[in-house]
Structure formats: C-alpha cells, structure tokens
>>> print(open('coords31.json').read())   # JSON, C-alpha atoms
[["chain", "number", "residue", "atom", "x", "y", "z"],
["A", 1, "MET", "CA", 104.64, 101.07, 70.41],
["A", 2, "GLN", "CA", 106.30, 104.34, 69.46],
["A", 3, "ALA", "CA", 104.12, 106.25, 71.94],
["A", 4, "VAL", "CA", 104.70, 103.81, 74.81],
["A", 5, "ASP", "CA", 107.33, 104.86, 77.36],
["A", 6, "GLN", "CA", 107.20, 101.68, 79.43],
["A", 7, "LEU", "CA", 105.50, 98.32, 79.10],
["A", 8, "ILE", "CA", 104.65, 96.51, 82.33],
["A", 9, "LEU", "CA", 103.82, 92.81, 82.18],
["A", 10, "THR", "CA", 102.18, 91.08, 85.13],
["A", 11, "ASN", "CA", 100.41, 87.83, 85.66],
["A", 12, "SER", "CA", 97.40, 86.77, 87.71],
["A", 13, "SER", "CA", 99.45, 85.56, 90.67],
["A", 14, "LEU", "CA", 99.41, 88.98, 92.39],
["A", 15, "LEU", "CA", 97.37, 90.83, 94.99],
["A", 16, "GLY", "CA", 97.78, 94.57, 95.16],
["A", 17, "PRO", "CA", 99.36, 96.92, 94.78],
["A", 18, "VAL", "CA", 99.57, 97.16, 98.57],
["A", 19, "ALA", "CA", 101.65, 100.34, 98.28],
["A", 20, "PRO", "CA", 101.85, 102.96, 95.53],
["A", 21, "LEU", "CA", 103.23, 101.49, 92.34],
["A", 22, "SER", "CA", 104.28, 105.00, 91.32],
["A", 23, "SER", "CA", 106.98, 104.92, 94.02],
["A", 24, "VAL", "CA", 108.51, 101.80, 92.49],
["A", 25, "ILE", "CA", 108.29, 103.17, 88.96],
["A", 26, "GLU", "CA", 110.06, 106.33, 90.12],
["A", 27, "LYS", "CA", 112.72, 104.31, 91.97],
["A", 28, "MET", "CA", 113.42, 102.24, 88.86],
["A", 29, "ALA", "CA", 113.36, 105.21, 86.43],
["A", 30, "ASP", "CA", 117.01, 104.75, 85.40],
["A", 31, "HIS", "CA", 116.61, 101.09, 84.45],
["A", 32, "SER", "CA", 115.60, 99.87, 81.00],
["A", 33, "ILE", "CA", 114.42, 96.49, 82.31],
["A", 34, "TRP", "CA", 113.39, 95.61, 85.82],
["A", 35, "GLY", "CA", 111.49, 93.13, 87.93],
["A", 36, "MET", "CA", 110.35, 92.98, 91.53],
["A", 37, "THR", "CA", 112.29, 90.04, 92.97],
["A", 38, "GLU", "CA", 114.91, 87.45, 92.24],
["A", 39, "ASN", "CA", 114.91, 83.78, 93.05],
["A", 40, "PHE", "CA", 117.66, 81.18, 93.15],
["A", 41, "HIS", "CA", 115.64, 78.10, 92.33],
["A", 42, "PRO", "CA", 116.21, 76.20, 90.16],
["A", 43, "ARG", "CA", 118.93, 78.76, 89.33],
["A", 44, "HIS", "CA", 119.33, 82.48, 89.79],
["A", 45, "HIS", "CA", 116.73, 84.49, 87.89],
["A", 46, "VAL", "CA", 114.53, 87.57, 87.99],
["A", 47, "GLN", "CA", 111.00, 86.40, 88.72],
["A", 48, "SER", "CA", 108.61, 87.06, 85.85],
["A", 49, "TYR", "CA", 105.38, 87.83, 87.69],
["A", 50, "PHE", "CA", 106.09, 91.55, 87.20],
["A", 51, "LEU", "CA", 108.41, 92.85, 84.51],
["A", 52, "ALA", "CA", 108.92, 96.34, 83.12],
["A", 53, "PHE", "CA", 110.51, 97.24, 79.79],
["A", 54, "LYS", "CA", 111.32, 100.82, 78.78],
["A", 55, "LYS", "CA", 111.08, 102.31, 75.31],
["A", 56, "ASP", "CA", 114.77, 101.75, 74.51],
["A", 57, "VAL", "CA", 114.17, 98.00, 74.84],
["A", 58, "LEU", "CA", 110.74, 98.00, 73.20],
["A", 59, "GLN", "CA", 112.22, 99.53, 70.07],
["A", 60, "ARG", "CA", 114.68, 96.66, 69.62],
["A", 61, "THR", "CA", 114.00, 93.68, 67.40],
["A", 62, "PHE", "CA", 115.35, 91.23, 69.99],
["A", 63, "PHE", "CA", 112.52, 92.17, 72.39],
["A", 64, "TRP", "CA", 109.87, 91.25, 69.84],
["A", 65, "ASP", "CA", 111.81, 88.17, 68.73],
["A", 66, "PHE", "CA", 111.88, 86.85, 72.28],
["A", 67, "PHE", "CA", 108.17, 87.27, 72.94],
["A", 68, "SER", "CA", 107.03, 86.12, 69.51],
["A", 69, "ASN", "CA", 108.90, 82.84, 70.01],
["A", 70, "ILE", "CA", 107.21, 81.94, 73.30],
["A", 71, "ILE", "CA", 105.16, 78.77, 73.07],
["A", 72, "PRO", "CA", 102.57, 77.60, 75.59],
["A", 73, "PHE", "CA", 103.41, 74.77, 77.95],
["A", 74, "ALA", "CA", 101.07, 72.55, 79.93],
["A", 75, "THR", "CA", 102.85, 72.96, 83.25],
["A", 76, "MET", "CA", 104.08, 75.92, 85.24],
["A", 77, "SER", "CA", 107.44, 74.23, 85.86],
["A", 78, "SER", "CA", 107.97, 73.96, 82.10],
["A", 79, "VAL", "CA", 107.27, 77.66, 81.66],
["A", 80, "ILE", "CA", 109.63, 78.53, 84.53],
["A", 81, "ASN", "CA", 112.42, 76.36, 83.11],
["A", 82, "ALA", "CA", 111.98, 77.54, 79.52],
["A", 83, "TYR", "CA", 111.36, 81.24, 80.07],
["A", 84, "GLU", "CA", 111.44, 82.59, 83.62],
["A", 85, "THR", "CA", 114.93, 81.27, 84.38],
["A", 86, "THR", "CA", 116.33, 82.30, 80.98],
["A", 87, "TRP", "CA", 114.77, 85.59, 79.88],
["A", 88, "ALA", "CA", 117.11, 87.83, 81.92],
["A", 89, "ASP", "CA", 120.20, 86.11, 80.50],
["A", 90, "TYR", "CA", 118.87, 86.61, 76.98],
["A", 91, "PHE", "CA", 118.29, 90.33, 77.53],
["A", 92, "ALA", "CA", 121.67, 90.69, 79.25],
["A", 93, "THR", "CA", 123.40, 89.26, 76.17],
["A", 94, "GLN", "CA", 121.68, 92.03, 74.22],
["A", 95, "GLY", "CA", 123.19, 94.64, 76.54],
["A", 96, "PHE", "CA", 120.28, 95.09, 78.95],
["A", 97, "LEU", "CA", 120.85, 93.70, 82.43],
["A", 98, "PRO", "CA", 117.60, 93.66, 84.42],
["A", 99, "ALA", "CA", 117.45, 95.50, 87.73],
["A", 100, "ILE", "CA", 115.55, 94.25, 90.77],
["A", 101, "VAL", "CA", 113.33, 96.29, 93.11],
["A", 102, "ALA", "CA", 114.35, 94.20, 96.13],
["A", 103, "PRO", "CA", 117.98, 93.30, 95.36],
["A", 104, "PRO", "CA", 120.43, 91.74, 97.83],
["A", 105, "GLU", "CA", 122.05, 95.06, 98.72],
["A", 106, "LEU", "CA", 118.85, 96.16, 100.44],
["A", 107, "GLY", "CA", 119.91, 93.88, 103.27],
["A", 108, "LEU", "CA", 116.64, 91.98, 103.51],
["A", 109, "GLU", "CA", 116.57, 89.69, 106.51],
["A", 110, "TYR", "CA", 116.52, 86.56, 104.36],
["A", 111, "ARG", "CA", 119.97, 87.49, 103.08],
["A", 112, "ARG", "CA", 121.38, 87.34, 106.59],
["A", 113, "THR", "CA", 120.05, 83.92, 107.50],
["A", 114, "LYS", "CA", 121.16, 80.38, 106.93],
["A", 115, "ILE", "CA", 118.70, 80.32, 104.05],
["A", 116, "ALA", "CA", 120.97, 82.74, 102.21],
["A", 117, "GLN", "CA", 123.65, 80.07, 102.38],
["A", 118, "LEU", "CA", 121.18, 77.62, 100.85],
["A", 119, "PHE", "CA", 120.60, 80.03, 97.97],
["A", 120, "ARG", "CA", 124.25, 79.70, 97.05],
["A", 121, "SER", "CA", 124.65, 75.98, 97.69],
["A", 122, "GLN", "CA", 123.74, 72.78, 95.96],
["A", 123, "SER", "CA", 121.46, 71.85, 98.86],
["A", 124, "TYR", "CA", 119.17, 74.70, 97.81],
["A", 125, "LYS", "CA", 117.94, 72.49, 94.97],
["A", 126, "THR", "CA", 116.34, 70.20, 97.53],
["A", 127, "TYR", "CA", 115.06, 73.06, 99.71],
["A", 128, "PRO", "CA", 113.73, 75.81, 97.46],
["A", 129, "VAL", "CA", 113.09, 79.10, 99.20],
["A", 130, "ASP", "CA", 111.09, 81.64, 97.23],
["A", 131, "PRO", "CA", 111.33, 85.03, 98.96],
["A", 132, "CYS", "CA", 107.75, 85.82, 97.90],
["A", 133, "PHE", "CA", 106.53, 83.05, 100.18],
["A", 134, "PHE", "CA", 109.14, 82.97, 102.92],
["A", 135, "TYR", "CA", 109.72, 86.73, 103.33],
["A", 136, "PRO", "CA", 106.67, 88.54, 101.98],
["A", 137, "GLU", "CA", 106.62, 91.23, 104.65],
["A", 138, "GLU", "CA", 110.31, 92.02, 104.18],
["A", 139, "LEU", "CA", 109.69, 92.40, 100.45],
["A", 140, "VAL", "CA", 106.77, 94.78, 101.01],
["A", 141, "MET", "CA", 108.89, 96.78, 103.46],
["A", 142, "ALA", "CA", 111.65, 96.91, 100.81],
["A", 143, "GLY", "CA", 109.23, 98.42, 98.30],
["A", 144, "VAL", "CA", 107.68, 95.46, 96.49],
["A", 145, "PRO", "CA", 104.02, 96.52, 96.31],
["A", 146, "TYR", "CA", 102.57, 93.09, 95.51],
["A", 147, "VAL", "CA", 101.82, 89.92, 97.43],
["A", 148, "LYS", "CA", 101.49, 86.54, 95.77],
["A", 149, "VAL", "CA", 97.98, 85.01, 95.87],
["A", 150, "LYS", "CA", 99.48, 81.57, 96.58],
["A", 151, "LEU", "CA", 100.85, 82.91, 99.86],
["A", 152, "PHE", "CA", 97.31, 82.64, 101.22],
["A", 153, "GLN", "CA", 96.29, 79.46, 99.42],
["A", 154, "GLY", "CA", 97.06, 76.67, 101.82],
["A", 155, "ASN", "CA", 99.79, 78.60, 103.68],
["A", 156, "ASN", "CA", 102.15, 75.68, 103.05],
["A", 157, "HIS", "CA", 104.94, 77.44, 104.93],
["A", 158, "ASN", "CA", 102.89, 77.93, 108.13],
["A", 159, "ARG", "CA", 103.45, 81.67, 108.24],
["A", 160, "ASN", "CA", 101.46, 84.07, 110.41],
["A", 161, "LEU", "CA", 99.78, 85.92, 107.58],
["A", 162, "HIS", "CA", 97.53, 88.31, 109.50],
["A", 163, "ARG", "CA", 99.86, 91.30, 108.99],
["A", 164, "MET", "CA", 100.20, 90.45, 105.32],
["A", 165, "MET", "CA", 96.42, 90.28, 105.12],
["A", 166, "ALA", "CA", 96.25, 93.78, 106.60],
["A", 167, "TYR", "CA", 98.41, 95.06, 103.72],
["A", 168, "VAL", "CA", 96.09, 93.41, 101.23],
["A", 169, "VAL", "CA", 92.85, 94.63, 102.85],
["A", 170, "ASN", "CA", 94.23, 98.16, 103.25],
["A", 171, "ALA", "CA", 94.99, 98.11, 99.52],
["A", 172, "GLY", "CA", 91.31, 97.53, 98.82],
["A", 173, "VAL", "CA", 91.30, 93.86, 97.88],
["A", 174, "THR", "CA", 88.04, 92.31, 99.03],
["A", 175, "VAL", "CA", 87.90, 88.90, 100.61],
["A", 176, "ASN", "CA", 84.96, 88.00, 98.37],
["A", 177, "ASP", "CA", 87.31, 88.19, 95.38],
["A", 178, "PHE", "CA", 89.65, 85.62, 96.93],
["A", 179, "PRO", "CA", 87.95, 83.07, 99.21],
["A", 180, "ALA", "CA", 91.33, 81.76, 100.42],
["A", 181, "LEU", "CA", 91.79, 85.09, 102.21],
["A", 182, "SER", "CA", 88.73, 84.81, 104.45],
["A", 183, "LYS", "CA", 90.46, 82.81, 107.19],
["A", 184, "PHE", "CA", 92.97, 85.65, 107.68],
["A", 185, "VAL", "CA", 90.41, 88.38, 108.28],
["A", 186, "ASP", "CA", 89.49, 89.11, 111.89]]
>>> encode(input="coords31.json", output="structure tokens")
Amino acid sequence: MQAVDQLILTNSSLLGPVAPLSSVIEKMADHSIWGMTENFHPRHHVQSYFLAFKKDVLQRTFFWDFFSNIIPFATMSSVINAYETTWADYFATQGFLPAIVAPPELGLEYRRTKIAQLFRSQSYKTYPVDPCFFYPEELVMAGVPYVKVKLFQGNNHNRNLHRMMAYVVNAGVTVNDFPALSKFVD
C-alpha cells in the first residue's frame, strides 16, 4: 500500500457516477477520511456505501486492525449496527474525524424541513429518513455523484424519480443492467 495515495471503498448499492468523481476527490483533497453522506438512523453516522481513506490513514495499524476484525453478518441491519454506525467513531478516537461531501452546512433542503427536527429527536427512531432516498436530487446537486439503486426498486417513498433517472441515463447506465429502472424511462 506504500504506492497508494487514496483507497476508495464502495459497495454494490450505487448507480453512477452521475457527475465527475474527480470533482469530489478534488473537493475532499484536504481530508484524510471522507464519505458522501451522513445519516441519523439509528444514530448519527457517516454512511459506508462510499468511503475514502488517504495514505496517512492507510499507513496506520489501526486502519488494518479495524478491517481485519470485520466479520460477516447474515443481515444488513446487523452490519449497519456493528460497523456502519461505529466506524467513524473508531477512526475519530484515532485522531481522524471523517468529512462528508454533503454536510449540513451546505444548507440542503432537508436540513430546513420538519424532517431535520426528526433527525435530532427521539421520534426519528420510529420515522427513519435516509437522505439518499428522501433527498436524492438535493444530494446530487450538492456534489454527491451517486444514486442508490434501491431508490428505484419499489420507490417505497413515492418520489417522482424521472429527473433522477435522467441523471442516471446521462451517466451512461443502461436500463438493461437494472430492470427496476425501465419504468422511469420515457
């Protein structure tokens, strides 16, 4: 890993990039660890679908200790509870606080709504609001160049996804690759 300047970890939940990833990498150049978005359910955390670690972190034993101790779980909720909601705290205790591409200070619309109050309240636990699903266009406009595949699978939040689909199609993703997308193509 001596020759690696930055390690980017992603998972298969993403479509894109729908905008140049190079712009985000440049924007986050001063941060040793960063992710795209944060979530407040079940507690505040940096979402793990896209994480970047710079050389100064990769050269530390604690980085390798963390990842070598990950064990597989049968359910996504177990993985989220064991790792996604805790990894940033672990790295922060080592002196590396993760940055976020779309942090609150960007003034995303979801921060100015009643939902923002839910993020900070106990009632949020019964009404989880993931910005990737509730505010995908705002995130793209704020510089997040990925869209979650699940956004289009079932559309459980009854969003008008045609504009989001335009981002995805313009990025070169073909509908044949993701059958759930076909109903959003004109």
>>> residues_around(input="coords31.json", residues="region 79-82 of chain A", least_positions_apart="3", cutoff="12 Å", atoms="all atoms listed in the file", output="tab-separated table (two decimals) with C-alpha atoms, in the coordinates of the input")
chain	number	residue	atom	x	y	z
A	39	ASN	CA	114.91	83.78	93.05
A	41	HIS	CA	115.64	78.10	92.33
A	42	PRO	CA	116.21	76.20	90.16
A	43	ARG	CA	118.93	78.76	89.33
A	44	HIS	CA	119.33	82.48	89.79
A	45	HIS	CA	116.73	84.49	87.89
A	46	VAL	CA	114.53	87.57	87.99
A	47	GLN	CA	111.00	86.40	88.72
A	48	SER	CA	108.61	87.06	85.85
A	49	TYR	CA	105.38	87.83	87.69
A	66	PHE	CA	111.88	86.85	72.28
A	69	ASN	CA	108.90	82.84	70.01
A	70	ILE	CA	107.21	81.94	73.30
A	71	ILE	CA	105.16	78.77	73.07
A	72	PRO	CA	102.57	77.60	75.59
A	73	PHE	CA	103.41	74.77	77.95
A	74	ALA	CA	101.07	72.55	79.93
A	75	THR	CA	102.85	72.96	83.25
A	76	MET	CA	104.08	75.92	85.24
A	85	THR	CA	114.93	81.27	84.38
A	86	THR	CA	116.33	82.30	80.98
A	87	TRP	CA	114.77	85.59	79.88
A	88	ALA	CA	117.11	87.83	81.92
A	89	ASP	CA	120.20	86.11	80.50
A	90	TYR	CA	118.87	86.61	76.98
>>> closest_residue(input="coords31.json", among="A:Ala99, A:Val140, A:Val4, A:Leu14", to="Ala29 (chain A)", atoms="only C-alpha atoms")
A:Ala99
>>> atom_distance(input="coords31.json", atom1="CA of Leu9 (chain A)", atom2="CA of Phe133 (chain A)")
20.7 Å
>>> atom_distance(input="coords31.json", atom1="CA of Ile8 (chain A)", atom2="CA of Val169 (chain A)")
23.7 Å
>>> closest_residue(input="coords31.json", among="A:Ile100, A:Ala166, A:Ala142, A:Leu51", to="Asn11 (chain A)", atoms="only C-alpha atoms")
A:Leu51
>>> closest_residue(input="coords31.json", among="A:Phe50, A:Ser68, A:Asn160, A:Leu97", to="Gly16 (chain A)", atoms="all atoms listed in the file")
A:Phe50
>>> closest_residue(input="coords31.json", among="A:Pro145, A:Gly172, A:Leu139, A:Arg163", to="Ser23 (chain A)", atoms="only C-alpha atoms")
A:Pro145
>>> closest_residue(input="coords31.json", among="A:Trp34, A:Phe62, A:Phe67, A:Tyr146", to="Cys132 (chain A)", atoms="only C-alpha atoms")
A:Tyr146
>>> atom_distance(input="coords31.json", atom1="CA of Pro131 (chain A)", atom2="CA of Glu38 (chain A)")
8.0 Å
>>> closest_residue(input="coords31.json", among="A:Lys55, A:Val149, A:His162, A:Thr10", to="Gly35 (chain A)", atoms="all atoms listed in the file")
A:Thr10
>>> build_atoms(input="coords31.json", residues="region 61-94 of chain A", atoms="N, CA and C atoms", output="mmCIF file, in the frame of the given file")
data_model
loop_
_atom_site.group_PDB
_atom_site.id
_atom_site.type_symbol
_atom_site.label_atom_id
_atom_site.label_comp_id
_atom_site.auth_asym_id
_atom_site.auth_seq_id
_atom_site.Cartn_x
_atom_site.Cartn_y
_atom_site.Cartn_z
ATOM 1 N N THR A 61 114.530 94.902 68.016
ATOM 2 C CA THR A 61 114.000 93.680 67.400
ATOM 3 C C THR A 61 114.093 92.494 68.339
ATOM 4 N N PHE A 62 115.170 92.399 69.117
ATOM 5 C CA PHE A 62 115.350 91.230 69.990
ATOM 6 C C PHE A 62 114.221 91.104 71.018
ATOM 7 N N PHE A 63 113.649 92.232 71.451
ATOM 8 C CA PHE A 63 112.520 92.170 72.390
ATOM 9 C C PHE A 63 111.355 91.427 71.740
ATOM 10 N N TRP A 64 111.011 91.852 70.546
ATOM 11 C CA TRP A 64 109.870 91.250 69.840
ATOM 12 C C TRP A 64 110.183 89.822 69.421
ATOM 13 N N ASP A 65 111.418 89.541 69.074
ATOM 14 C CA ASP A 65 111.810 88.170 68.730
ATOM 15 C C ASP A 65 111.593 87.241 69.924
ATOM 16 N N PHE A 66 112.015 87.687 71.097
ATOM 17 C CA PHE A 66 111.880 86.850 72.280
ATOM 18 C C PHE A 66 110.409 86.504 72.541
ATOM 19 N N PHE A 67 109.567 87.516 72.587
ATOM 20 C CA PHE A 67 108.170 87.270 72.940
ATOM 21 C C PHE A 67 107.374 86.589 71.827
ATOM 22 N N SER A 68 107.750 86.793 70.598
ATOM 23 C CA SER A 68 107.030 86.120 69.510
ATOM 24 C C SER A 68 107.392 84.638 69.409
ATOM 25 N N ASN A 69 108.489 84.248 70.042
ATOM 26 C CA ASN A 69 108.900 82.840 70.010
ATOM 27 C C ASN A 69 108.466 82.046 71.238
ATOM 28 N N ILE A 70 107.708 82.664 72.119
ATOM 29 C CA ILE A 70 107.210 81.940 73.300
ATOM 30 C C ILE A 70 106.107 80.984 72.858
ATOM 31 N N ILE A 71 106.203 79.760 73.337
ATOM 32 C CA ILE A 71 105.160 78.770 73.070
ATOM 33 C C ILE A 71 104.516 78.366 74.388
ATOM 34 N N PRO A 72 103.240 77.999 74.347
ATOM 35 C CA PRO A 72 102.570 77.600 75.590
ATOM 36 C C PRO A 72 103.013 76.208 76.046
ATOM 37 N N PHE A 73 103.094 76.063 77.359
ATOM 38 C CA PHE A 73 103.410 74.770 77.950
ATOM 39 C C PHE A 73 102.262 74.355 78.861
ATOM 40 N N ALA A 74 102.159 73.076 79.108
ATOM 41 C CA ALA A 74 101.070 72.550 79.930
ATOM 42 C C ALA A 74 101.316 72.730 81.424
ATOM 43 N N THR A 75 102.577 72.862 81.823
ATOM 44 C CA THR A 75 102.850 72.960 83.250
ATOM 45 C C THR A 75 103.621 74.241 83.580
ATOM 46 N N MET A 76 103.398 74.721 84.787
ATOM 47 C CA MET A 76 104.080 75.920 85.240
ATOM 48 C C MET A 76 105.596 75.683 85.314
ATOM 49 N N SER A 77 106.002 74.508 85.761
ATOM 50 C CA SER A 77 107.440 74.230 85.860
ATOM 51 C C SER A 77 108.108 74.285 84.491
ATOM 52 N N SER A 78 107.417 73.868 83.446
ATOM 53 C CA SER A 78 107.970 73.960 82.100
ATOM 54 C C SER A 78 108.152 75.407 81.665
ATOM 55 N N VAL A 79 107.178 76.238 81.984
ATOM 56 C CA VAL A 79 107.270 77.660 81.660
ATOM 57 C C VAL A 79 108.427 78.298 82.431
ATOM 58 N N ILE A 80 108.540 77.975 83.709
ATOM 59 C CA ILE A 80 109.630 78.530 84.530
ATOM 60 C C ILE A 80 110.983 78.129 83.953
ATOM 61 N N ASN A 81 111.140 76.850 83.633
ATOM 62 C CA ASN A 81 112.420 76.360 83.110
ATOM 63 C C ASN A 81 112.743 76.930 81.725
ATOM 64 N N ALA A 82 111.738 77.073 80.878
ATOM 65 C CA ALA A 82 111.980 77.540 79.520
ATOM 66 C C ALA A 82 112.137 79.055 79.425
ATOM 67 N N TYR A 83 111.393 79.791 80.246
ATOM 68 C CA TYR A 83 111.360 81.240 80.070
ATOM 69 C C TYR A 83 111.761 82.042 81.298
ATOM 70 N N GLU A 84 111.156 81.756 82.449
ATOM 71 C CA GLU A 84 111.440 82.590 83.620
ATOM 72 C C GLU A 84 112.915 82.543 84.009
ATOM 73 N N THR A 85 113.519 81.384 83.953
ATOM 74 C CA THR A 85 114.930 81.270 84.380
ATOM 75 C C THR A 85 115.912 81.674 83.293
ATOM 76 N N THR A 86 115.426 81.988 82.095
ATOM 77 C CA THR A 86 116.330 82.300 80.980
ATOM 78 C C THR A 86 116.179 83.688 80.393
ATOM 79 N N TRP A 87 115.016 84.326 80.590
ATOM 80 C CA TRP A 87 114.770 85.590 79.880
ATOM 81 C C TRP A 87 115.800 86.655 80.231
ATOM 82 N N ALA A 88 116.174 86.777 81.504
ATOM 83 C CA ALA A 88 117.110 87.830 81.920
ATOM 84 C C ALA A 88 118.479 87.627 81.269
ATOM 85 N N ASP A 89 118.921 86.387 81.159
ATOM 86 C CA ASP A 89 120.200 86.110 80.500
ATOM 87 C C ASP A 89 120.148 86.530 79.028
ATOM 88 N N TYR A 90 119.040 86.231 78.387
ATOM 89 C CA TYR A 90 118.870 86.610 76.980
ATOM 90 C C TYR A 90 118.979 88.125 76.814
ATOM 91 N N PHE A 91 118.259 88.872 77.641
ATOM 92 C CA PHE A 91 118.290 90.330 77.530
ATOM 93 C C PHE A 91 119.661 90.888 77.917
ATOM 94 N N ALA A 92 120.324 90.251 78.867
ATOM 95 C CA ALA A 92 121.670 90.690 79.250
ATOM 96 C C ALA A 92 122.649 90.522 78.091
ATOM 97 N N THR A 93 122.517 89.448 77.326
ATOM 98 C CA THR A 93 123.400 89.260 76.170
ATOM 99 C C THR A 93 123.158 90.311 75.093
ATOM 100 N N GLN A 94 122.001 90.951 75.155
ATOM 101 C CA GLN A 94 121.680 92.030 74.220
ATOM 102 C C GLN A 94 122.090 93.399 74.766
#
